>>> print(open('my_file.txt').read())   # compact mmCIF, C-alpha atoms and all ligand atoms
# COMPACT_ATOMS: atom_id res chain seq x y z
CA MET A 183 8.30 29.54 1.01
CA LYS A 184 11.01 26.93 0.55
CA TYR A 185 12.15 24.17 2.87
CA LYS A 186 15.37 22.24 3.08
CA ILE A 187 15.80 18.48 2.84
CA CYS A 188 18.96 17.06 4.39
CA PHE A 189 20.48 13.62 3.94
CA PRO A 190 22.73 13.17 6.99
CA ASP A 191 25.68 10.79 6.76
CA THR A 192 25.60 10.71 2.96
CA GLU A 193 27.52 12.52 0.24
CA TYR A 194 24.35 14.29 -0.91
CA LEU A 195 24.05 18.00 -0.31
CA PRO A 196 20.87 19.44 1.18
CA CYS A 197 18.36 20.67 -1.38
CA GLU A 198 15.51 23.16 -1.20
CA MET A 199 11.97 22.69 -2.39
CA PRO A 200 8.81 24.78 -2.35
CA GLU A 201 6.29 24.25 0.46
CA ASN A 202 3.94 21.32 -0.18
CA SER A 203 6.28 19.86 -2.79
CA ASN A 204 5.93 16.15 -3.33
CA LEU A 205 9.37 14.63 -2.80
CA ALA A 206 8.87 12.36 -5.81
CA ASP A 207 8.52 15.41 -8.05
CA GLU A 208 11.72 17.05 -6.86
CA LEU A 209 14.18 14.34 -5.84
CA ASN A 210 16.12 12.23 -8.32
CA ALA A 211 19.17 9.96 -8.39
CA SER A 212 21.58 12.85 -8.86
CA ASN A 213 20.40 15.00 -5.96
CA SER A 214 19.37 12.44 -3.33
CA PRO A 215 19.88 8.86 -2.14
CA VAL A 216 16.13 8.18 -2.44
CA LEU A 217 15.04 5.92 -5.29
CA PHE A 218 11.49 5.87 -6.64
CA GLY A 219 9.46 3.21 -8.38
CA CYS A 220 5.68 3.46 -8.68
CA ARG A 221 5.39 6.95 -7.14
CA THR A 222 1.87 6.02 -5.99
CA GLY A 223 2.56 4.58 -2.53
CA LEU A 224 2.49 0.89 -3.38
CA CYS A 225 5.92 -0.54 -4.16
CA GLY A 226 7.91 0.60 -1.11
CA THR A 227 11.00 1.54 -3.14
CA CYS A 228 11.05 5.04 -1.67
CA LEU A 229 10.91 3.92 1.97
CA ILE A 230 12.62 6.48 4.21
CA GLU A 231 12.94 7.31 7.87
CA ILE A 232 12.25 10.84 9.00
CA ILE A 233 15.13 11.81 11.25
CA ASP A 234 13.83 15.31 11.94
CA SER A 235 10.82 17.20 10.65
CA ALA A 236 10.03 19.78 13.32
CA GLY A 237 6.83 17.75 13.80
CA LYS A 238 5.26 18.96 10.57
CA LEU A 239 4.44 16.53 7.79
CA ASN A 240 1.29 15.61 5.96
CA ILE A 241 -0.50 12.65 7.54
CA PRO A 242 -0.17 9.34 5.66
CA ASN A 243 -3.30 8.39 3.73
CA GLU A 244 -4.84 4.91 3.89
CA ILE A 245 -2.76 3.54 1.04
CA GLU A 246 0.49 4.73 2.59
CA GLU A 247 -0.53 3.45 6.03
CA GLU A 248 -1.18 0.02 4.58
CA ALA A 249 2.15 -0.02 2.72
CA LEU A 250 4.04 1.12 5.82
CA SER A 251 2.42 -1.67 7.86
CA ILE A 252 3.99 -4.11 5.40
CA TYR A 253 7.39 -2.51 4.65
CA ALA A 254 8.23 -0.98 8.04
CA PRO A 255 5.73 -2.37 10.56
CA ASN A 256 7.55 -1.29 13.72
CA ASN A 257 9.04 1.99 12.59
CA GLN A 258 6.94 5.01 13.58
CA LYS A 259 9.32 7.30 11.69
CA ALA A 260 8.99 5.48 8.38
CA ARG A 261 7.33 7.18 5.43
CA LEU A 262 7.09 6.70 1.71
CA ALA A 263 8.97 9.61 0.19
CA CYS A 264 6.59 9.69 -2.78
CA GLN A 265 3.74 10.50 -0.39
CA VAL A 266 5.46 13.18 1.68
CA ARG A 267 4.61 16.83 1.12
CA LEU A 268 7.04 19.32 2.52
CA GLN A 269 5.75 21.46 5.35
CA SER A 270 9.03 22.09 7.20
CA ASN A 271 12.74 21.47 6.91
CA ILE A 272 13.36 17.73 7.15
CA SER A 273 16.22 15.29 7.50
CA ILE A 274 15.74 11.84 6.05
CA LYS A 275 17.57 8.58 5.45
CA THR A 276 16.73 5.64 3.26
CA ILE A 277 15.84 2.36 4.96
S1 LIG D 1 7.85 4.97 -5.23
FE1 LIG D 1 6.60 3.22 -4.88
S2 LIG D 1 5.89 3.57 -2.87
FE2 LIG D 1 6.99 5.39 -3.31
>>> encode(input="my_file.txt", output="structure tokens")
Amino acid sequence: MKYKICFPDTEYLPCEMPENSNLADELNASNSPVLFGCRTGLCGTCLIEIIDSAGKLNIPNEIEEEALSIYAPNNQKARLACQVRLQSNISIKTI
């Protein structure tokens, strides 16, 4: 099964990825506005806000939770794209 990732209000077209894909494995500078650094959940470069996910996303692990408490402490919709695994269609924006 494949799911769609949308980047509203950007020039980037939606792209499709297999279920449980790690966004860091599939997204790059030419197909998305999301930039990646460490890809391990530490640097915060890939900070995004989930605009819509149909309520289905993997739960952040301890490392991601700690990073989010530093990089986006008051944003309940913030995630690190490198830690997200696709389980539904999602819309995201960089923050
Ligand atoms: S790329 Fe560093 S936290 Fe995601």
>>> residues_around(input="my_file.txt", residues="segment 242-252 of chain A", least_positions_apart="4", cutoff="8 Å", atoms="all atoms listed in the file", output="PyMOL selection string")
chain A and resi 223-226+256+260-262+265-266
>>> closest_residue(input="my_file.txt", among="A:Asn240, A:Ala206, A:Cys264, A:Met183", to="ligand LIG 1 (chain D)", atoms="all atoms listed in the file")
A:Cys264
>>> residues_around(input="my_file.txt", residues="Leu205 of chain A", least_positions_apart="5", cutoff="10 Å", atoms="all atoms listed in the file", output="ChimeraX atom specification")
/A:187,199,210,216,218,221,228,262-268
>>> residues_around(input="my_file.txt", residues="Thr192 of chain A", least_positions_apart="6", cutoff="12 Å", atoms="all atoms listed in the file", output="list in words")
Asn213, Ser214, Pro215, Val216, Ser273, Ile274, Lys275 and Thr276 of chain A
>>> atom_distance(input="my_file.txt", atom1="atom S2 of ligand LIG 1 (chain D)", atom2="atom CA of Gly219 of chain A")
6.6 Å
>>> atom_distance(input="my_file.txt", atom1="atom CA of Cys188 of chain A", atom2="atom CA of Asn271 of chain A")
8.0 Å
>>> atom_distance(input="my_file.txt", atom1="atom CA of Lys186 of chain A", atom2="atom CA of Leu217 of chain A")
18.3 Å
>>> residues_around(input="my_file.txt", residues="Lys238 of chain A", least_positions_apart="2", cutoff="7 Å", atoms="all atoms listed in the file", output="ChimeraX atom specification")
/A:235-236,240,269-270
>>> closest_residue(input="my_file.txt", among="A:Ala211, A:Asn202, A:Asp191, A:Leu229", to="ligand LIG 1 (chain D)", atoms="only C-alpha atoms and all ligand atoms")
A:Leu229
>>> closest_residue(input="my_file.txt", among="A:Glu198, A:Pro190, A:Thr222, A:Asp207", to="ligand LIG 1 (chain D)", atoms="only C-alpha atoms and all ligand atoms")
A:Thr222
>>> closest_residue(input="my_file.txt", among="A:Cys197, A:Cys220, A:Leu209, A:Leu239", to="ligand LIG 1 (chain D)", atoms="all atoms listed in the file")
A:Cys220
>>> closest_residue(input="my_file.txt", among="A:Gln258, A:Ser203, A:Ser212, A:Thr227", to="Lys184 of chain A", atoms="all atoms listed in the file")
A:Ser203
>>> closest_residue(input="my_file.txt", among="A:Glu201, A:Ile241, A:Tyr253, A:Glu208", to="ligand LIG 1 (chain D)", atoms="only C-alpha atoms and all ligand atoms")
A:Tyr253
>>> build_atoms(input="my_file.txt", residues="segment 206-221 of chain A", atoms="N, CA and C atoms", output="mmCIF file, in the coordinates of the input")
data_model
loop_
_atom_site.group_PDB
_atom_site.id
_atom_site.type_symbol
_atom_site.label_atom_id
_atom_site.label_comp_id
_atom_site.auth_asym_id
_atom_site.auth_seq_id
_atom_site.Cartn_x
_atom_site.Cartn_y
_atom_site.Cartn_z
ATOM 1 N N ALA A 206 8.677 13.114 -4.574
ATOM 2 C CA ALA A 206 8.870 12.360 -5.810
ATOM 3 C C ALA A 206 8.982 13.279 -7.030
ATOM 4 N N ASP A 207 8.443 14.473 -6.927
ATOM 5 C CA ASP A 207 8.520 15.410 -8.050
ATOM 6 C C ASP A 207 9.851 16.129 -8.092
ATOM 7 N N GLU A 208 10.524 16.202 -6.942
ATOM 8 C CA GLU A 208 11.720 17.050 -6.860
ATOM 9 C C GLU A 208 13.025 16.278 -6.703
ATOM 10 N N LEU A 209 12.945 15.092 -6.078
ATOM 11 C CA LEU A 209 14.180 14.340 -5.840
ATOM 12 C C LEU A 209 14.443 13.378 -6.992
ATOM 13 N N ASN A 210 15.730 13.205 -7.300
ATOM 14 C CA ASN A 210 16.120 12.230 -8.320
ATOM 15 C C ASN A 210 17.472 11.630 -7.938
ATOM 16 N N ALA A 211 17.957 10.708 -8.744
ATOM 17 C CA ALA A 211 19.170 9.960 -8.390
ATOM 18 C C ALA A 211 20.395 10.862 -8.272
ATOM 19 N N SER A 212 20.392 11.995 -8.926
ATOM 20 C CA SER A 212 21.580 12.850 -8.860
ATOM 21 C C SER A 212 21.576 13.784 -7.658
ATOM 22 N N ASN A 213 20.410 14.054 -7.082
ATOM 23 C CA ASN A 213 20.400 15.000 -5.960
ATOM 24 C C ASN A 213 19.986 14.381 -4.633
ATOM 25 N N SER A 214 19.751 13.061 -4.604
ATOM 26 C CA SER A 214 19.370 12.440 -3.330
ATOM 27 C C SER A 214 19.637 10.939 -3.366
ATOM 28 N N PRO A 215 19.711 10.312 -2.189
ATOM 29 C CA PRO A 215 19.880 8.860 -2.140
ATOM 30 C C PRO A 215 18.564 8.102 -2.290
ATOM 31 N N VAL A 216 17.451 8.816 -2.397
ATOM 32 C CA VAL A 216 16.130 8.180 -2.440
ATOM 33 C C VAL A 216 15.815 7.715 -3.861
ATOM 34 N N LEU A 217 15.453 6.463 -3.994
ATOM 35 C CA LEU A 217 15.040 5.920 -5.290
ATOM 36 C C LEU A 217 13.524 5.810 -5.320
ATOM 37 N N PHE A 218 12.942 5.953 -6.490
ATOM 38 C CA PHE A 218 11.490 5.870 -6.640
ATOM 39 C C PHE A 218 11.130 4.814 -7.662
ATOM 40 N N GLY A 219 9.997 4.183 -7.440
ATOM 41 C CA GLY A 219 9.460 3.210 -8.380
ATOM 42 C C GLY A 219 8.108 3.684 -8.864
ATOM 43 N N CYS A 220 7.047 3.188 -8.231
ATOM 44 C CA CYS A 220 5.680 3.460 -8.680
ATOM 45 C C CYS A 220 5.241 4.908 -8.505
ATOM 46 N N ARG A 221 5.747 5.560 -7.498
ATOM 47 C CA ARG A 221 5.390 6.950 -7.140
ATOM 48 C C ARG A 221 3.906 7.082 -6.740
#
